[in-house]
file model.cif (mmCIF, C-alpha atoms and all ligand atoms)
data_entry
loop_
_atom_site.label_atom_id
_atom_site.label_comp_id
_atom_site.auth_asym_id
_atom_site.auth_seq_id
_atom_site.Cartn_x
_atom_site.Cartn_y
_atom_site.Cartn_z
CA MET A 1 140.90 30.17 69.95
CA SER A 2 142.80 33.43 70.04
CA SER A 3 143.78 34.24 66.46
CA GLY A 4 142.47 33.56 62.97
CA LYS A 5 145.02 31.07 61.73
CA VAL A 6 144.30 28.69 58.84
CA GLY A 7 144.74 24.92 59.09
CA VAL A 8 144.93 22.20 56.45
CA LEU A 9 144.12 18.64 57.50
CA LEU A 10 145.25 15.97 55.04
CA VAL A 11 143.36 12.72 55.55
CA ASN A 12 144.08 9.24 54.24
CA LEU A 13 142.56 5.86 55.01
CA GLY A 14 144.60 4.62 57.93
CA THR A 15 146.79 1.66 58.64
CA PRO A 16 147.65 -0.61 61.57
CA ASP A 17 150.15 0.56 64.21
CA ALA A 18 152.26 -2.57 63.77
CA PRO A 19 152.44 -5.54 61.35
CA ASP A 20 151.04 -8.01 63.87
CA ALA A 21 147.68 -9.76 64.01
CA ARG A 22 146.51 -7.84 67.09
CA SER A 23 147.13 -4.41 65.58
CA VAL A 24 145.67 -5.45 62.24
CA ARG A 25 142.58 -6.84 63.98
CA ARG A 26 141.99 -3.54 65.81
CA TYR A 27 142.37 -1.61 62.58
CA LEU A 28 140.14 -3.93 60.53
CA LYS A 29 137.46 -3.90 63.22
CA GLU A 30 137.16 -0.13 63.02
CA PHE A 31 137.48 -0.01 59.21
CA LEU A 32 135.07 -2.82 58.39
CA SER A 33 132.50 -1.67 60.97
CA ASP A 34 132.07 1.59 59.04
CA ARG A 35 128.62 1.45 57.45
CA ARG A 36 129.93 3.60 54.58
CA VAL A 37 132.42 0.83 53.74
CA VAL A 38 130.34 -2.30 54.22
CA GLU A 39 126.75 -1.46 53.36
CA ILE A 40 125.15 -4.47 54.99
CA PRO A 41 122.80 -4.00 57.98
CA ALA A 42 124.86 -4.23 61.19
CA LEU A 43 122.68 -7.02 62.59
CA ALA A 44 123.64 -9.25 59.66
CA TRP A 45 127.22 -8.03 59.19
CA GLN A 46 128.63 -7.79 62.71
CA PRO A 47 128.32 -11.55 63.47
CA ILE A 48 130.18 -12.33 60.22
CA LEU A 49 132.80 -9.69 60.92
CA ARG A 50 133.41 -10.71 64.54
CA GLY A 51 132.80 -14.44 64.12
CA VAL A 52 134.66 -15.09 60.88
CA ILE A 53 136.63 -12.24 59.33
CA LEU A 54 138.34 -10.90 62.47
CA ASN A 55 139.38 -14.44 63.37
CA THR A 56 141.02 -15.21 60.05
CA ARG A 57 142.04 -12.13 58.10
CA PRO A 58 144.27 -10.30 60.64
CA LYS A 59 146.86 -13.08 60.68
CA ARG A 60 147.02 -13.25 56.88
CA SER A 61 147.01 -9.47 56.43
CA ALA A 62 149.69 -9.04 59.13
CA ARG A 63 152.01 -11.29 57.11
CA ALA A 64 151.38 -9.12 54.06
CA TYR A 65 152.01 -5.91 56.04
CA ALA A 66 155.27 -7.39 57.38
CA GLU A 67 156.53 -7.73 53.80
CA VAL A 68 156.26 -4.00 53.12
CA TRP A 69 156.81 -2.48 56.61
CA THR A 70 159.63 0.08 56.81
CA ASP A 71 161.85 1.51 59.56
CA ALA A 72 159.51 4.52 59.55
CA GLY A 73 156.47 2.25 60.04
CA SER A 74 153.64 1.45 57.65
CA PRO A 75 154.38 2.93 54.20
CA LEU A 76 151.02 4.70 54.14
CA ALA A 77 151.72 6.44 57.47
CA ALA A 78 155.32 7.32 56.63
CA ILE A 79 154.44 8.75 53.21
CA THR A 80 151.45 10.72 54.52
CA ALA A 81 153.72 12.25 57.19
CA ALA A 82 156.26 13.14 54.49
CA GLN A 83 153.54 14.74 52.34
CA THR A 84 152.40 16.78 55.34
CA ALA A 85 155.93 18.03 56.07
CA ALA A 86 156.51 18.88 52.40
CA LEU A 87 153.22 20.77 52.12
CA GLN A 88 153.96 22.66 55.35
CA GLU A 89 157.32 23.73 53.89
CA ARG A 90 155.64 24.95 50.72
CA LEU A 91 152.74 26.81 52.38
CA GLY A 92 154.90 28.50 55.03
CA ALA A 93 154.20 29.54 58.59
CA GLY A 94 150.88 31.30 57.83
CA VAL A 95 149.14 27.94 57.33
CA GLN A 96 149.33 24.99 59.70
CA VAL A 97 149.38 21.60 57.99
CA ALA A 98 148.54 18.38 59.84
CA TYR A 99 147.39 14.91 58.87
CA ALA A 100 144.91 12.37 60.19
CA MET A 101 143.72 8.89 59.33
CA ARG A 102 140.06 7.88 58.97
CA TYR A 103 140.79 4.64 60.86
CA GLY A 104 143.44 4.33 63.52
CA ARG A 105 145.81 7.13 64.42
CA PRO A 106 146.11 10.09 64.35
CA ALA A 107 142.31 10.29 64.58
CA ILE A 108 140.42 13.01 62.71
CA GLY A 109 138.74 14.36 65.84
CA ALA A 110 141.99 14.72 67.78
CA ALA A 111 143.74 16.32 64.81
CA LEU A 112 140.93 18.84 64.30
CA GLN A 113 140.97 19.71 67.99
CA ALA A 114 144.76 20.13 67.95
CA LEU A 115 144.51 22.55 65.02
CA MET A 116 141.85 24.54 66.88
CA ASP A 117 143.90 24.53 70.07
CA ASP A 118 146.69 26.06 67.99
CA GLY A 119 144.33 28.87 66.96
CA CYS A 120 143.08 27.68 63.57
CA GLU A 121 139.62 29.19 63.08
CA ARG A 122 139.44 28.09 59.44
CA ILE A 123 140.28 24.55 58.40
CA LEU A 124 140.49 22.92 54.98
CA LEU A 125 139.68 19.23 55.25
CA ALA A 126 141.52 17.46 52.44
CA PRO A 127 140.67 13.78 51.90
CA LEU A 128 143.51 12.46 49.72
CA TYR A 129 141.21 10.57 47.36
CA PRO A 130 141.23 11.87 43.77
CA GLN A 131 138.12 9.84 42.91
CA TYR A 132 135.08 10.42 45.14
CA SER A 133 133.37 7.50 46.79
CA ALA A 134 131.04 7.30 49.76
CA ALA A 135 133.36 4.65 51.25
CA THR A 136 136.31 7.05 51.34
CA THR A 137 135.58 10.77 50.85
CA ALA A 138 132.13 10.83 52.46
CA THR A 139 133.16 8.89 55.52
CA VAL A 140 135.99 11.38 56.18
CA VAL A 141 133.49 14.24 56.09
CA ASP A 142 131.09 12.23 58.32
CA LYS A 143 133.85 11.70 60.87
CA ALA A 144 134.82 15.38 60.91
CA ALA A 145 131.15 16.28 61.35
CA ASP A 146 130.93 13.90 64.34
CA THR A 147 133.63 16.00 66.02
CA LEU A 148 132.11 19.35 65.03
CA ARG A 149 128.83 18.15 66.57
CA THR A 150 130.50 18.06 69.98
CA MET A 151 132.02 21.55 69.78
CA ARG A 152 130.57 24.73 71.16
CA TRP A 153 132.95 26.86 69.10
CA GLN A 154 133.42 25.31 65.69
CA PRO A 155 136.00 26.28 63.09
CA ALA A 156 134.86 27.38 59.61
CA MET A 157 135.38 24.36 57.36
CA ARG A 158 135.96 23.75 53.68
CA THR A 159 136.50 20.40 51.98
CA LEU A 160 138.82 19.67 49.08
CA PRO A 161 136.68 18.47 46.17
CA PRO A 162 137.55 15.25 44.34
CA TYR A 163 140.25 16.00 41.75
CA HIS A 164 139.97 13.01 39.43
CA ASP A 165 139.72 15.16 36.27
CA ASP A 166 141.75 18.16 37.38
CA PRO A 167 144.34 18.94 34.67
CA VAL A 168 146.90 19.58 37.41
CA TYR A 169 146.44 16.02 38.74
CA ILE A 170 146.36 14.44 35.29
CA ASP A 171 149.52 16.30 34.23
CA ALA A 172 151.32 15.31 37.46
CA LEU A 173 150.44 11.65 36.86
CA ALA A 174 151.45 11.80 33.20
CA ALA A 175 154.82 13.39 34.03
CA ASP A 176 155.55 11.03 36.92
CA ILE A 177 154.40 7.81 35.24
CA GLY A 178 156.07 8.82 31.96
CA ALA A 179 159.40 9.41 33.73
CA GLN A 180 159.16 6.09 35.57
CA ILE A 181 158.46 4.21 32.34
CA ASP A 182 161.42 5.91 30.63
CA ALA A 183 163.68 4.85 33.52
CA LEU A 184 162.78 1.13 33.18
CA ASP A 185 165.31 -1.22 31.61
CA PHE A 186 162.58 -2.58 29.34
CA ALA A 187 159.82 -1.11 27.18
CA PRO A 188 156.40 -2.25 28.42
CA GLU A 189 153.86 -3.32 25.83
CA VAL A 190 150.98 -2.65 28.24
CA LEU A 191 150.40 -0.17 31.06
CA VAL A 192 147.68 -1.25 33.49
CA LEU A 193 145.96 1.50 35.50
CA SER A 194 144.74 -0.26 38.64
CA PHE A 195 142.18 1.45 40.89
CA HIS A 196 140.90 0.15 44.21
CA GLY A 197 137.70 -1.81 43.61
CA MET A 198 134.22 -1.32 45.06
CA PRO A 199 131.10 -3.49 45.11
CA GLU A 200 129.34 -3.07 41.76
CA ARG A 201 126.15 -2.29 43.68
CA THR A 202 127.59 1.09 44.73
CA LEU A 203 127.72 2.11 41.05
CA LEU A 204 124.09 1.11 40.59
CA LEU A 205 123.18 3.13 43.70
CA GLY A 206 124.70 6.25 42.15
CA ASP A 207 128.21 6.43 43.61
CA PRO A 208 130.33 8.34 41.06
CA TYR A 209 133.51 6.39 41.91
CA HIS A 210 133.52 4.13 38.85
CA CYS A 211 132.89 7.07 36.49
CA HIS A 212 135.63 9.09 38.20
CA CYS A 213 138.13 6.24 37.75
CA ARG A 214 137.21 5.79 34.10
CA LYS A 215 137.54 9.53 33.47
CA THR A 216 140.96 9.68 35.17
CA ALA A 217 142.09 6.76 33.01
CA ARG A 218 140.83 8.33 29.79
CA LEU A 219 142.41 11.72 30.49
CA LEU A 220 145.66 10.12 31.65
CA GLU A 221 145.89 8.01 28.51
CA ALA A 222 145.52 11.17 26.39
CA ALA A 223 148.07 13.09 28.49
CA LEU A 224 150.65 10.29 28.34
CA ARG A 225 150.77 10.52 24.53
CA ARG A 226 152.26 7.07 24.01
CA PRO A 227 150.49 5.55 21.03
CA ASP A 228 152.79 2.49 21.21
CA LEU A 229 151.70 1.66 24.75
CA ARG A 230 148.38 -0.16 25.18
CA ILE A 231 146.61 1.13 28.30
CA GLU A 232 144.14 -1.01 30.27
CA THR A 233 142.06 -0.13 33.34
CA ALA A 234 141.28 -2.59 36.14
CA PHE A 235 140.02 -2.74 39.73
CA GLN A 236 141.94 -4.45 42.53
CA SER A 237 141.52 -5.61 46.14
CA ARG A 238 138.26 -7.53 45.85
CA PHE A 239 136.79 -8.27 49.28
CA GLY A 240 133.89 -10.59 50.15
CA ARG A 241 131.50 -12.51 47.95
CA ALA A 242 129.56 -9.73 46.24
CA LYS A 243 130.27 -8.77 42.63
CA TRP A 244 132.88 -6.01 42.44
CA LEU A 245 133.78 -3.62 39.65
CA GLU A 246 135.45 -5.39 36.75
CA PRO A 247 137.82 -6.28 35.25
CA ALA A 248 139.67 -7.47 38.34
CA THR A 249 143.38 -6.56 38.25
CA GLU A 250 144.53 -10.08 39.15
CA THR A 251 142.44 -11.62 36.37
CA LEU A 252 143.65 -9.07 33.85
CA LEU A 253 147.33 -9.64 34.73
CA ALA A 254 147.05 -13.39 34.20
CA GLU A 255 145.00 -12.97 31.00
CA GLU A 256 147.50 -10.51 29.55
CA ALA A 257 150.34 -12.98 30.10
CA ARG A 258 148.31 -15.90 28.73
CA ASN A 259 147.42 -13.86 25.64
CA GLY A 260 151.08 -13.16 24.88
CA THR A 261 152.01 -9.91 26.66
CA ARG A 262 155.59 -10.32 27.89
CA ARG A 263 156.43 -6.85 29.26
CA LEU A 264 153.98 -5.00 31.48
CA ALA A 265 153.97 -2.00 33.85
CA ILE A 266 151.24 -1.25 36.38
CA ALA A 267 150.38 2.07 38.05
CA ALA A 268 147.80 2.92 40.72
CA PRO A 269 146.67 6.51 39.99
CA GLY A 270 143.91 6.49 42.63
CA PHE A 271 146.31 6.02 45.55
CA ALA A 272 147.92 9.23 46.81
CA ALA A 273 150.52 7.17 48.65
CA ASP A 274 152.02 3.74 48.29
CA CYS A 275 150.51 1.30 50.76
CA LEU A 276 149.74 -2.37 51.28
CA GLU A 277 147.48 -2.40 48.23
CA THR A 278 150.17 -1.13 45.86
CA LEU A 279 153.39 -2.52 47.35
CA GLU A 280 152.18 -5.98 48.32
CA GLU A 281 149.07 -6.62 46.25
CA LEU A 282 150.48 -5.19 43.00
CA GLY A 283 154.25 -5.24 43.53
CA ILE A 284 154.51 -8.73 45.01
CA ARG A 285 151.33 -10.67 44.26
CA GLY A 286 150.64 -8.91 40.95
CA ARG A 287 154.12 -9.75 39.73
CA ALA A 288 153.62 -13.42 40.70
CA GLN A 289 150.24 -13.51 38.87
CA PHE A 290 151.76 -12.04 35.69
CA GLU A 291 154.99 -14.05 35.71
CA GLY A 292 153.22 -17.22 36.80
CA ALA A 293 151.07 -17.03 33.64
CA GLY A 294 154.03 -16.55 31.32
CA GLY A 295 154.90 -12.82 31.59
CA GLU A 296 158.61 -11.96 31.53
CA ARG A 297 159.16 -8.35 32.60
CA PHE A 298 156.98 -6.60 35.22
CA ALA A 299 157.21 -3.24 36.95
CA ALA A 300 154.90 -1.79 39.61
CA LEU A 301 155.31 1.99 39.39
CA ALA A 302 155.36 4.21 42.49
CA CYS A 303 152.45 6.47 43.45
CA LEU A 304 152.88 10.26 43.47
CA ASN A 305 153.85 10.07 47.17
CA ALA A 306 155.91 13.08 48.38
CA GLY A 307 157.79 13.53 45.10
CA ALA A 308 157.92 16.87 43.27
CA PRO A 309 155.15 16.25 40.68
CA GLY A 310 152.72 15.10 43.37
CA MET A 311 153.61 17.86 45.81
CA ASP A 312 153.36 20.55 43.10
CA MET A 313 149.89 19.19 42.35
CA LEU A 314 148.83 19.06 46.01
CA GLU A 315 150.13 22.57 46.68
CA THR A 316 148.19 23.92 43.68
CA ILE A 317 144.86 22.31 44.53
CA VAL A 318 145.15 23.18 48.23
CA ARG A 319 146.09 26.82 47.55
CA ARG A 320 143.09 27.07 45.23
CA GLU A 321 140.74 26.02 48.04
CA LEU A 322 142.42 28.44 50.47
CA ALA A 323 141.61 31.43 48.22
CA GLY A 324 140.24 34.29 50.32
CA TRP A 325 141.54 32.68 53.51
CA VAL A 326 145.25 33.35 52.98
C1 LIG B 1 134.40 -3.78 51.88
C2 LIG B 1 135.67 -3.70 51.82
C3 LIG B 1 136.45 -2.56 51.25
C4 LIG B 1 136.05 -1.47 50.50
C5 LIG B 1 134.68 -1.10 50.01
C6 LIG B 1 137.23 -0.68 50.28
C7 LIG B 1 137.27 0.53 49.56
C8 LIG B 1 138.41 1.32 49.36
N1 LIG B 1 139.64 1.18 50.00
C9 LIG B 1 140.52 2.14 49.52
C10 LIG B 1 141.87 2.33 49.88
C11 LIG B 1 142.62 1.44 50.66
N2 LIG B 1 142.21 0.23 51.15
C12 LIG B 1 143.24 -0.34 51.86
C13 LIG B 1 143.21 -1.56 52.54
C14 LIG B 1 142.08 -2.38 52.68
N3 LIG B 1 140.86 -2.27 52.05
C15 LIG B 1 140.00 -3.25 52.51
C16 LIG B 1 138.65 -3.40 52.18
C17 LIG B 1 137.86 -2.46 51.46
N4 LIG B 1 138.29 -1.31 50.87
C18 LIG B 1 140.72 -4.02 53.48
C19 LIG B 1 140.14 -5.20 54.24
C20 LIG B 1 142.00 -3.48 53.58
C21 LIG B 1 143.09 -3.91 54.61
C22 LIG B 1 144.11 -4.77 54.12
C23 LIG B 1 143.66 -6.17 53.98
O1 LIG B 1 143.36 -6.83 54.98
O2 LIG B 1 143.59 -6.61 52.82
C24 LIG B 1 144.37 0.55 51.81
C25 LIG B 1 145.76 0.28 52.38
C26 LIG B 1 145.90 0.49 53.86
C27 LIG B 1 147.32 0.28 54.35
O3 LIG B 1 147.46 0.09 55.55
O4 LIG B 1 148.28 0.29 53.60
C28 LIG B 1 143.99 1.66 51.07
C29 LIG B 1 144.79 2.89 50.77
C30 LIG B 1 139.80 2.93 48.57
C31 LIG B 1 140.40 4.10 47.81
C32 LIG B 1 138.50 2.41 48.48
C33 LIG B 1 137.35 2.84 47.67
C34 LIG B 1 137.38 3.60 46.66
FE FE B 2 140.36 -0.74 50.71
FE FE B 3 144.37 -5.86 49.29
#

call {"tool": "encode", "arguments": {"input": "model.cif", "output": "structure tokens", "more": "lines below"}}
Ligand SMILES: C=CC1=C(C)c2cc3[nH]c(cc4nc(cc5[nH]c(cc1n2)c(C)c5CCC(=O)O)C(CCC(=O)O)=C4C)c(C)c3C=C
Ligand SMILES: [Fe+2]
Ligand SMILES: [Fe+2]
result
Amino acid sequence: MSSGKVGVLLVNLGTPDAPDARSVRRYLKEFLSDRRVVEIPALAWQPILRGVILNTRPKRSARAYAEVWTDAGSPLAAITAAQTAALQERLGAGVQVAYAMRYGRPAIGAALQALMDDGCERILLAPLYPQYSAATTATVVDKAADTLRTMRWQPAMRTLPPYHDDPVYIDALAADIGAQIDALDFAPEVLVLSFHGMPERTLLLGDPYHCHCRKTARLLEAALRRPDLRIETAFQSRFGRAKWLEPATETLLAEEARNGTRRLAIAAPGFAADCLETLEELGIRGRAQFEGAGGERFAALACLNAGAPGMDMLETIVRRELAGWV
């Protein structure tokens, strides 16, 4: 390292390299072997993972990925790259912005090393998860620490705190979701806020994720200022047999329709970027669940992605953490 440059490393979850069973298998093997994600002793879990899940799920998930894949690749990868370019533009040449994925590529270790090779002696690690959970935020920090452990000359590091209740985040969501609702050709009766689920056990063990989601939802409802819109919170993407946080999004969508709701919009405030879980699980399967139970109008709203409200928010919270460094 020759000069004292500052780096920012945006990190999201990761995604397969291609929408085929082989690539999805490789990705799922790394993801679901993370002890922060599946908290079952490896001796019990690995035979189930290798013997059952990795023989069945990749094919099914690859079909789902194929439905949302774009010319620029997986939506999650393409949008994270766009967010990185937009943040670089905003922060200027004095700060180097890069991105990494916790699973798959670009790997966190390689991205950290590349920033250091470019002369960054101070690096802000920014997991793009508004709500903290051990399965997301903590495992990003663990992975960065694994790399630091191998370095003789380490950079100075800071981490972006969770921003679930940050007024800048809440206001960006309210502005973006409000504008999307106004642009619909129908007036929804209900807005569902769908967060990624977690095993309920993690809440009992003290993970703040559930509380963070509930707080985001409460603050967002207040900021939206739409007394005519009923707002419901739910948790999606259930995996495995254990009890997960409730209510489950798919159950809620069907119940809403059965109970008479005809027009519904759904947003996913916990996802920084649209991905399989929003585009396919909500946008395709969620619509089928709602309409199949009698719903008539359905809209899955976009995440903040690289749009102006989201980028203004990201620039503000990143600049705040860079105070004293730039
Ligand atoms: C034990 C299983 C899982 C836990 C716990 C979990 C937590 C969790 N995940 C996200 C964000 C994302 N998850 C995504 C995909 C995805 N998640 C799981 C399982 C768990 N997630 C699986 C098996 C998959 C892969 C797809 C599939 O086979 O169904 C994604 C999308 C990735 C993409 O490529 O688009 C995101 C994003 C959070 C925020 C979270 C805990 C808070
Ligand atoms: Fe997930
Ligand atoms: Fe899913």

call {"tool": "residues_near_ligand", "arguments": {"input": "model.cif", "ligand": "ligand FE 3 (chain B)", "cutoff": "8 Å", "atoms": "all atoms listed in the file", "output": "VMD selection string"}}
result
chain A and resid 236 to 239 276 to 277 280 to 281

call {"tool": "atom_distance", "arguments": {"input": "model.cif", "atom1": "CA of Asp228 (chain A)", "atom2": "CA of Cys213 (chain A)"}}
result
22.4 Å

call {"tool": "closest_residue", "arguments": {"input": "model.cif", "among": "A:Ala77, A:Val95, A:Met198, A:Ala62", "to": "Ala242 (chain A)", "atoms": "all atoms listed in the file"}}
result
A:Met198

call {"tool": "residues_near_ligand", "arguments": {"input": "model.cif", "ligand": "ligand LIG 1 (chain B)", "cutoff": "9 Å", "atoms": "all atoms listed in the file", "output": "ChimeraX atom specification"}}
result
/A:12-16,24,27-28,31-32,36-39,57-58,60-62,64-65,74-77,129-137,195-199,209-210,237-240,270-279,281

call {"tool": "write_last_selection", "arguments": {"input": "model.cif", "atoms": "C-alpha atoms", "output": "mmCIF file, keeping the file's coordinate frame"}}
result
data_model
loop_
_atom_site.group_PDB
_atom_site.id
_atom_site.type_symbol
_atom_site.label_atom_id
_atom_site.label_comp_id
_atom_site.auth_asym_id
_atom_site.auth_seq_id
_atom_site.Cartn_x
_atom_site.Cartn_y
_atom_site.Cartn_z
ATOM 1 C CA ASN A 12 144.080 9.240 54.240
ATOM 2 C CA LEU A 13 142.560 5.860 55.010
ATOM 3 C CA GLY A 14 144.600 4.620 57.930
ATOM 4 C CA THR A 15 146.790 1.660 58.640
ATOM 5 C CA PRO A 16 147.650 -0.610 61.570
ATOM 6 C CA VAL A 24 145.670 -5.450 62.240
ATOM 7 C CA TYR A 27 142.370 -1.610 62.580
ATOM 8 C CA LEU A 28 140.140 -3.930 60.530
ATOM 9 C CA PHE A 31 137.480 -0.010 59.210
ATOM 10 C CA LEU A 32 135.070 -2.820 58.390
ATOM 11 C CA ARG A 36 129.930 3.600 54.580
ATOM 12 C CA VAL A 37 132.420 0.830 53.740
ATOM 13 C CA VAL A 38 130.340 -2.300 54.220
ATOM 14 C CA GLU A 39 126.750 -1.460 53.360
ATOM 15 C CA ARG A 57 142.040 -12.130 58.100
ATOM 16 C CA PRO A 58 144.270 -10.300 60.640
ATOM 17 C CA ARG A 60 147.020 -13.250 56.880
ATOM 18 C CA SER A 61 147.010 -9.470 56.430
ATOM 19 C CA ALA A 62 149.690 -9.040 59.130
ATOM 20 C CA ALA A 64 151.380 -9.120 54.060
ATOM 21 C CA TYR A 65 152.010 -5.910 56.040
ATOM 22 C CA SER A 74 153.640 1.450 57.650
ATOM 23 C CA PRO A 75 154.380 2.930 54.200
ATOM 24 C CA LEU A 76 151.020 4.700 54.140
ATOM 25 C CA ALA A 77 151.720 6.440 57.470
ATOM 26 C CA TYR A 129 141.210 10.570 47.360
ATOM 27 C CA PRO A 130 141.230 11.870 43.770
ATOM 28 C CA GLN A 131 138.120 9.840 42.910
ATOM 29 C CA TYR A 132 135.080 10.420 45.140
ATOM 30 C CA SER A 133 133.370 7.500 46.790
ATOM 31 C CA ALA A 134 131.040 7.300 49.760
ATOM 32 C CA ALA A 135 133.360 4.650 51.250
ATOM 33 C CA THR A 136 136.310 7.050 51.340
ATOM 34 C CA THR A 137 135.580 10.770 50.850
ATOM 35 C CA PHE A 195 142.180 1.450 40.890
ATOM 36 C CA HIS A 196 140.900 0.150 44.210
ATOM 37 C CA GLY A 197 137.700 -1.810 43.610
ATOM 38 C CA MET A 198 134.220 -1.320 45.060
ATOM 39 C CA PRO A 199 131.100 -3.490 45.110
ATOM 40 C CA TYR A 209 133.510 6.390 41.910
ATOM 41 C CA HIS A 210 133.520 4.130 38.850
ATOM 42 C CA SER A 237 141.520 -5.610 46.140
ATOM 43 C CA ARG A 238 138.260 -7.530 45.850
ATOM 44 C CA PHE A 239 136.790 -8.270 49.280
ATOM 45 C CA GLY A 240 133.890 -10.590 50.150
ATOM 46 C CA GLY A 270 143.910 6.490 42.630
ATOM 47 C CA PHE A 271 146.310 6.020 45.550
ATOM 48 C CA ALA A 272 147.920 9.230 46.810
ATOM 49 C CA ALA A 273 150.520 7.170 48.650
ATOM 50 C CA ASP A 274 152.020 3.740 48.290
ATOM 51 C CA CYS A 275 150.510 1.300 50.760
ATOM 52 C CA LEU A 276 149.740 -2.370 51.280
ATOM 53 C CA GLU A 277 147.480 -2.400 48.230
ATOM 54 C CA THR A 278 150.170 -1.130 45.860
ATOM 55 C CA LEU A 279 153.390 -2.520 47.350
ATOM 56 C CA GLU A 281 149.070 -6.620 46.250
#

call {"tool": "closest_residue", "arguments": {"input": "model.cif", "among": "A:Pro155, A:Gly286, A:Gly109, A:Gly206", "to": "Arg122 (chain A)", "atoms": "only C-alpha atoms"}}
result
A:Pro155

call {"tool": "residues_near_point", "arguments": {"input": "model.cif", "point": "(152.6, 9.8, 23.9)", "cutoff": "12 Å", "atoms": "only C-alpha atoms", "output": "PyMOL selection string"}}
result
chain A and resi 174-175+177-179+181-182+220-231

call {"tool": "atom_distance", "arguments": {"input": "model.cif", "atom1": "CA of Glu296 (chain A)", "atom2": "CA of Ala268 (chain A)"}}
result
20.6 Å

call {"tool": "closest_residue", "arguments": {"input": "model.cif", "among": "A:Ala288, A:Ala302, A:Met313, A:Leu205", "to": "Ile79 (chain A)", "atoms": "all atoms listed in the file"}}
result
A:Ala302

call {"tool": "atom_distance", "arguments": {"input": "model.cif", "atom1": "CA of Ala248 (chain A)", "atom2": "CA of Ala234 (chain A)"}}
result
5.6 Å

call {"tool": "residues_near_point", "arguments": {"input": "model.cif", "point": "(148.3, -9.6, 31.7)", "cutoff": "12 Å", "atoms": "only C-alpha atoms", "output": "PyMOL selection string"}}
result
chain A and resi 188-193+230-234+247-266+286-298

call {"tool": "closest_residue", "arguments": {"input": "model.cif", "among": "A:Ala267, A:Asp207, A:Leu219, A:Ala300", "to": "Phe235 (chain A)", "atoms": "only C-alpha atoms"}}
result
A:Ala267

call {"tool": "residues_around", "arguments": {"input": "model.cif", "residues": "Asp312 (chain A)", "least_positions_apart": "4", "cutoff": "9 Å", "atoms": "only C-alpha atoms", "output": "list in words"}}
result
Val168, Ala172, Gly307, Ala308, Thr316 and Ile317 of chain A

call {"tool": "closest_residue", "arguments": {"input": "model.cif", "among": "A:Ser23, A:Leu125, A:Thr147, A:Arg102", "to": "ligand FE 2 (chain B)", "atoms": "only C-alpha atoms and all ligand atoms"}}
result
A:Arg102

call {"tool": "residues_around", "arguments": {"input": "model.cif", "residues": "Trp45 (chain A)", "least_positions_apart": "2", "cutoff": "12 Å", "atoms": "all atoms listed in the file", "output": "ChimeraX atom specification"}}
result
/A:29,32-35,37-43,47-54,240

call {"tool": "write_last_selection", "arguments": {"input": "model.cif", "atoms": "C-alpha atoms", "output": "PDB file, in the frame of the given file"}}
result
ATOM      1  CA  LYS A  29     137.460  -3.900  63.220  1.00  0.00           C
ATOM      2  CA  LEU A  32     135.070  -2.820  58.390  1.00  0.00           C
ATOM      3  CA  SER A  33     132.500  -1.670  60.970  1.00  0.00           C
ATOM      4  CA  ASP A  34     132.070   1.590  59.040  1.00  0.00           C
ATOM      5  CA  ARG A  35     128.620   1.450  57.450  1.00  0.00           C
ATOM      6  CA  VAL A  37     132.420   0.830  53.740  1.00  0.00           C
ATOM      7  CA  VAL A  38     130.340  -2.300  54.220  1.00  0.00           C
ATOM      8  CA  GLU A  39     126.750  -1.460  53.360  1.00  0.00           C
ATOM      9  CA  ILE A  40     125.150  -4.470  54.990  1.00  0.00           C
ATOM     10  CA  PRO A  41     122.800  -4.000  57.980  1.00  0.00           C
ATOM     11  CA  ALA A  42     124.860  -4.230  61.190  1.00  0.00           C
ATOM     12  CA  LEU A  43     122.680  -7.020  62.590  1.00  0.00           C
ATOM     13  CA  PRO A  47     128.320 -11.550  63.470  1.00  0.00           C
ATOM     14  CA  ILE A  48     130.180 -12.330  60.220  1.00  0.00           C
ATOM     15  CA  LEU A  49     132.800  -9.690  60.920  1.00  0.00           C
ATOM     16  CA  ARG A  50     133.410 -10.710  64.540  1.00  0.00           C
ATOM     17  CA  GLY A  51     132.800 -14.440  64.120  1.00  0.00           C
ATOM     18  CA  VAL A  52     134.660 -15.090  60.880  1.00  0.00           C
ATOM     19  CA  ILE A  53     136.630 -12.240  59.330  1.00  0.00           C
ATOM     20  CA  LEU A  54     138.340 -10.900  62.470  1.00  0.00           C
ATOM     21  CA  GLY A 240     133.890 -10.590  50.150  1.00  0.00           C
TER      22      GLY A 240
END

call {"tool": "residues_around", "arguments": {"input": "model.cif", "residues": "Ile108 (chain A)", "least_positions_apart": "4", "cutoff": "8 Å", "atoms": "all atoms listed in the file", "output": "list in words"}}
result
Val11, Ala100, Met101, Arg102, Leu112, Lys143 and Ala144 of chain A

call {"tool": "closest_residue", "arguments": {"input": "model.cif", "among": "A:Thr216, A:Gln96, A:Thr159, A:Thr150", "to": "Ala138 (chain A)", "atoms": "only C-alpha atoms"}}
result
A:Thr159

call {"tool": "residues_around", "arguments": {"input": "model.cif", "residues": "Leu9 (chain A)", "least_positions_apart": "5", "cutoff": "6 Å", "atoms": "all atoms listed in the file", "output": "ChimeraX atom specification"}}
result
/A:98-99,125-126

call {"tool": "decode", "arguments": {"input": "model.cif", "residues": "region 202-211 of chain A", "atoms": "C-alpha atoms", "output": "tab-separated table (two decimals), in the first residue's frame"}}
result
chain	number	residue	atom	x	y	z
A	202	THR	CA	-33.35	-16.99	16.07
A	203	LEU	CA	-35.71	-14.45	17.66
A	204	LEU	CA	-35.81	-16.49	20.87
A	205	LEU	CA	-31.99	-16.64	20.83
A	206	GLY	CA	-31.79	-12.85	20.76
A	207	ASP	CA	-31.35	-11.98	17.09
A	208	PRO	CA	-32.79	-8.46	16.64
A	209	TYR	CA	-33.95	-9.13	13.06
A	210	HIS	CA	-37.65	-9.55	13.83
A	211	CYS	CA	-37.71	-6.38	15.96
